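*Asks:* Got a structure here, written out as structure tokens. Questions coming.
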Amino acid sequence: KYMKKYLYSLCGLVLVAILIFNSCFISKAEEPSGEENTIIMTDDLALSLAQNFAKSTNNIDLTALNPVKFYDSTGQAIGYIVEYYQNNIPHGYVIFDSRLDDLICEYSFEENSVSPYATCCQKCNVRSSIDSKIYKLDALTYGIKNSNEKLVTNSNKILDAPDSLENARSKDPSTWNDIFINSIFPEYTVVDVGHLPSFIALPESYYEQNTGHYACVVTALYHCAMFYGCVNGNTNTIRDEYMELWDLTGTTQIDQESQNGIIYGTTNYNSSPAGFVTFCARRGVSLSSSIIANPTMETFKNCINSGNIANLSTGIYTNDGYKGHQMTVEGYTQLKNVSTGNIVDTVMVADGWFSNVRYVNLEFPNYTRLHAILFSR
């Protein structure tokens, strides 16, 4: 009788041991794959990546400095902005976004080209700011919160801070600043590059000062008109030329969008090519146009290599709802991540806000739509 109870007890213990072993094995097997291949991105690592990126793109005279972590609208750290200098002069920047497989979100190597962070700092005294963190609001826009609880952005806008920034304080503090990236150190090489003979860009402030108006589509098209020799940006004629484009493209004033006497406009991207073709025809330049949805890098390469210019029209969702932006495309660079074999497609744009070059990743995931507006003579 006692022997029988002993055998039952022994079998029970063996069964429990088997269940525990299987549980441990299953638990181990169900761990998220790839966690062991990630590391936390630090200031030093960001600097190292930036210096390596400059070297691999033949910008060996640049020094990577001032790594700045940026956050999404929930307050989670998602990447780094690193600035480049040459002889103590700003010489561009690179932006690493951990949500992109190959990290490269945007970059510039132009002399006196400053980063979105530096732009925001120029517009907002960080020392008097209640929060010097920089937030990425969409694919192109960054902002720093000022003492009035507003976000001062690199796109010349002052926005209400999203409620999610306040709610972010309820998150686990240990995760706020952690940025996980693949532990495989990326090495880049330039695969292909092409651009127009000279970069054409007038800043938003120039248009506002000389026309009293601003619309991104009209601005992007005016840059194209300069390329085709239809206009030259002269202060004596730009107002009439700009307003002619404004009317031909069906641009209308944004409701209640008037600041410091400046009228801001909105344009349907579908109507912009026809208006631009008419504008140029009036000046003796015959052009054709086309709109391509979901363009590839080859779309822009073919346009630029044929000696023409293009526009990139994007759609994004922000905390303020759906918004669009149109930029002039004046070149391209294809990079290869040698570590993975992936190709990183970047287009050289005039963003319509400032006069410096921006190379932006064409495949950024937060675009809700992408359209190429192509011109040909």
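By order in the structure tokens, chains are A, B, ...; within a chain, residues start at 1; ligands start at 1, following the order shown.
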Any idea what's packed within 8 Å of Tyr332 (chain A), counting only C-alpha atoms, ignoring anything in its chain fewer than 6 positions away? Could you give it as a count of residues only?
*Replies:* 10
*Asks:* My list of candidates is A:His213, A:Lys55, A:Lys336, A:Lys69. Which is closest to Ile262 (chain A) when distances are computed with only C-alpha atoms?
*Replies:*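 Of the candidates, the smallest distance to Ile262 (chain A) is held by A:His213.
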*Asks:* With distances taken over only C-alpha atoms, which of A:Thr252, A:Thr141, A:Asn308, A:Ser198 is nearest to Ser288 (chain A)?
*Replies:*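 Checking each of A:Thr252, A:Thr141, A:Asn308, A:Ser198 against Ser288 (chain A), counting only C-alpha atoms, the winner is A:Asn308.
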*Asks:* Using DSSP assignments from the backbone, pull out every residue in region 209-272 of chain A that falls under strand (DSSP E or B) and give it to me as an MDAnalysis selection string.
*Replies:* chainID A and resid 213:214 252:259 262:266
*Asks:* Measuring atom to atom with only C-alpha atoms, identify which of A:Gly307, A:Thr211, A:Gly315, A:Pro295 is nearest to Asp240 (chain A).
*Replies:*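 Smallest distance to Asp240 (chain A) is found for A:Thr211.
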*Asks:* Return the single residue from A:Leu335, A:Met297, A:Ile144, A:Met327 that is closest to Asn156 (chain A), with distances computed using only C-alpha atoms.
*Replies:*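 Answer, going by the shortest atom-to-atom distance: A:Ile144.
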*Asks:* Could you list, as a compact mmCIF listing (two decimals) with C-alpha atoms, in the first residue's frame, every residue within 9 Å of region 36-42 of chain A, counting only C-alpha atoms and ignoring same-chain residues fewer than 3 positions away?
*Replies:*
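Output (result09.txt):
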# COMPACT_ATOMS: atom_id res chain seq x y z
CA SER A 33 13.20 36.54 -32.69
CA LEU A 45 27.38 55.14 -31.65
CA ALA A 46 25.43 57.84 -33.50
CA LEU A 47 28.64 59.85 -33.96
CA LYS A 69 18.20 62.33 -29.93
CA GLY A 79 16.50 58.34 -33.73
CA TYR A 80 19.40 60.77 -33.87
CA SER A 98 15.38 53.51 -36.13
CA ASP A 178 16.00 53.65 -25.51
CA ILE A 179 16.56 53.33 -29.26
CA PHE A 180 17.13 49.78 -30.50
CA ILE A 181 18.88 49.19 -33.81
CA ASN A 182 20.31 46.20 -35.62
CA SER A 183 23.70 45.28 -34.21
CA ILE A 184 25.15 44.81 -37.71
*Asks:* Residues at most 6 Å from Ile81 (chain A), counting only C-alpha atoms, excluding those fewer than 3 positions away in the same chain, as a list in words?
*Replies:*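 Near Ile81 (chain A), the qualifying residues are Pro67, Val68, Val94 and Ile95 of chain A.
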*Asks:* Restricting it to N, CA, C and O atoms, dump the selection as a PDB file, in the first residue's frame.
*Replies:*
ATOM      1  N   PRO A  67      25.513  65.013 -31.524  1.00  0.00           N
ATOM      2  CA  PRO A  67      24.409  64.063 -31.695  1.00  0.00           C
ATOM      3  C   PRO A  67      23.216  64.470 -30.831  1.00  0.00           C
ATOM      4  O   PRO A  67      23.370  64.753 -29.642  1.00  0.00           O
ATOM      5  N   VAL A  68      22.049  64.534 -31.436  1.00  0.00           N
ATOM      6  CA  VAL A  68      20.832  64.928 -30.716  1.00  0.00           C
ATOM      7  C   VAL A  68      19.761  63.871 -30.944  1.00  0.00           C
ATOM      8  O   VAL A  68      19.422  63.549 -32.085  1.00  0.00           O
ATOM      9  N   VAL A  94      23.125  64.376 -40.859  1.00  0.00           N
ATOM     10  CA  VAL A  94      22.498  63.106 -41.211  1.00  0.00           C
ATOM     11  C   VAL A  94      21.488  62.770 -40.134  1.00  0.00           C
ATOM     12  O   VAL A  94      21.706  63.064 -38.949  1.00  0.00           O
ATOM     13  N   ILE A  95      20.370  62.193 -40.546  1.00  0.00           N
ATOM     14  CA  ILE A  95      19.316  61.798 -39.603  1.00  0.00           C
ATOM     15  C   ILE A  95      19.139  60.287 -39.677  1.00  0.00           C
ATOM     16  O   ILE A  95      18.852  59.735 -40.748  1.00  0.00           O
TER      17      ILE A  95
END
*Asks:* Near Cys120 (chain A), within 6 Å and counting only C-alpha atoms, which residues show up once chain neighbours fewer than 3 positions away are dropped, as a list in words?
*Replies:*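 Here the qualifying residues turn out to be Tyr117, Lys123, Cys124, Thr153 and Asn154 of chain A.
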*Asks:* Any chance you can output those residues with all heavy atoms as a short mmCIF file (atom, residue, chain, number, x, y, z; two decimals), in the first residue's frame?
*Replies:*
data_model
loop_
_atom_site.label_atom_id
_atom_site.label_comp_id
_atom_site.auth_asym_id
_atom_site.auth_seq_id
_atom_site.Cartn_x
_atom_site.Cartn_y
_atom_site.Cartn_z
N TYR A 117 17.23 70.37 -36.30
CA TYR A 117 17.36 70.75 -34.89
C TYR A 117 17.93 72.16 -34.76
O TYR A 117 17.41 72.99 -34.01
CB TYR A 117 18.26 69.76 -34.17
CG TYR A 117 18.48 70.10 -32.70
CD1 TYR A 117 17.46 69.93 -31.78
CD2 TYR A 117 19.71 70.58 -32.25
CE1 TYR A 117 17.65 70.25 -30.44
CE2 TYR A 117 19.91 70.90 -30.92
CZ TYR A 117 18.87 70.73 -30.02
OH TYR A 117 19.07 71.05 -28.70
N LYS A 123 14.94 79.41 -34.17
CA LYS A 123 13.61 80.01 -34.07
C LYS A 123 13.05 79.98 -32.65
O LYS A 123 12.08 80.65 -32.34
CB LYS A 123 12.64 79.29 -35.01
CG LYS A 123 13.02 79.42 -36.47
CD LYS A 123 12.08 78.62 -37.35
CE LYS A 123 12.45 78.80 -38.82
NZ LYS A 123 12.27 80.19 -39.25
N CYS A 124 13.66 79.17 -31.80
CA CYS A 124 13.16 79.01 -30.43
C CYS A 124 14.35 78.96 -29.49
O CYS A 124 15.18 78.07 -29.58
CB CYS A 124 12.35 77.71 -30.32
SG CYS A 124 11.88 77.26 -28.65
N THR A 153 8.64 74.79 -35.30
CA THR A 153 9.08 73.77 -36.25
C THR A 153 10.07 74.29 -37.27
O THR A 153 10.23 75.49 -37.46
CB THR A 153 7.87 73.19 -37.02
OG1 THR A 153 7.41 74.17 -37.96
CG2 THR A 153 6.74 72.83 -36.06
N ASN A 154 10.73 73.35 -37.93
CA ASN A 154 11.66 73.70 -39.01
C ASN A 154 10.94 74.07 -40.29
O ASN A 154 11.57 74.47 -41.27
CB ASN A 154 12.61 72.52 -39.28
CG ASN A 154 11.89 71.31 -39.82
OD1 ASN A 154 10.87 70.89 -39.27
ND2 ASN A 154 12.40 70.72 -40.89
#
*Asks:* A:Leu221, A:Ala372, A:Cys230, A:Leu65: which is nearest Cys280 (chain A), counting only C-alpha atoms?
*Replies:*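 Using only C-alpha atoms, the shortest distance to Cys280 (chain A) belongs to A:Cys230.
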*Asks:* I need the residue nearest Thr57 (chain A) from this list: A:Glu241, A:Asp192, A:Glu330, A:Asp44. Use only C-alpha atoms for the distance.
*Replies:*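 Going through A:Glu241, A:Asp192, A:Glu330, A:Asp44 one by one, the smallest distance to Thr57 (chain A) is for A:Asp192.
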*Asks:* Quick one: residues within 9 Å of Leu245 (chain A), only C-alpha atoms, excluding same-chain residues fewer than 5 positions away - as number ranges by chain?
*Replies:* A: 218, 221-222, 240, 250-251, 272, 275-276, 279
*Asks:* Would you mind reading off the distance between CA of Gln122 (chain A) and CA of Ile238 (chain A), one decimal, in Å?
*Replies:*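 Computed distance, CA of Gln122 (chain A) to CA of Ile238 (chain A), equals 27.5 Å.
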*Asks:* To one decimal in Å, tell me the separation between CA of Asn88 (chain A) and CA of Asn59 (chain A).
*Replies:*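 Computed distance, CA of Asn88 (chain A) to CA of Asn59 (chain A), equals 15.3 Å.
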*Asks:* Find the residues near Glu83 (chain A): any atom within 6 Å, counting only C-alpha atoms, skip ones fewer than 2 places away on the same chain, and give them as a PyMOL selection string.
*Replies:* chain A and resi 64-66+93
*Asks:* One decimal, Å: what's the distance from CA of Asp138 (chain A) over to CA of Asn366 (chain A), could you say?
*Replies:*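 CA of Asn366 (chain A) lies 7.2 Å from CA of Asp138 (chain A).
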*Asks:* Write out as JSON, numbers by chain all residues of region 136-167 of chain A that backbone DSSP assigns to alpha helix (DSSP H).
*Replies:* {"A": [163, 164, 165, 166, 167]}
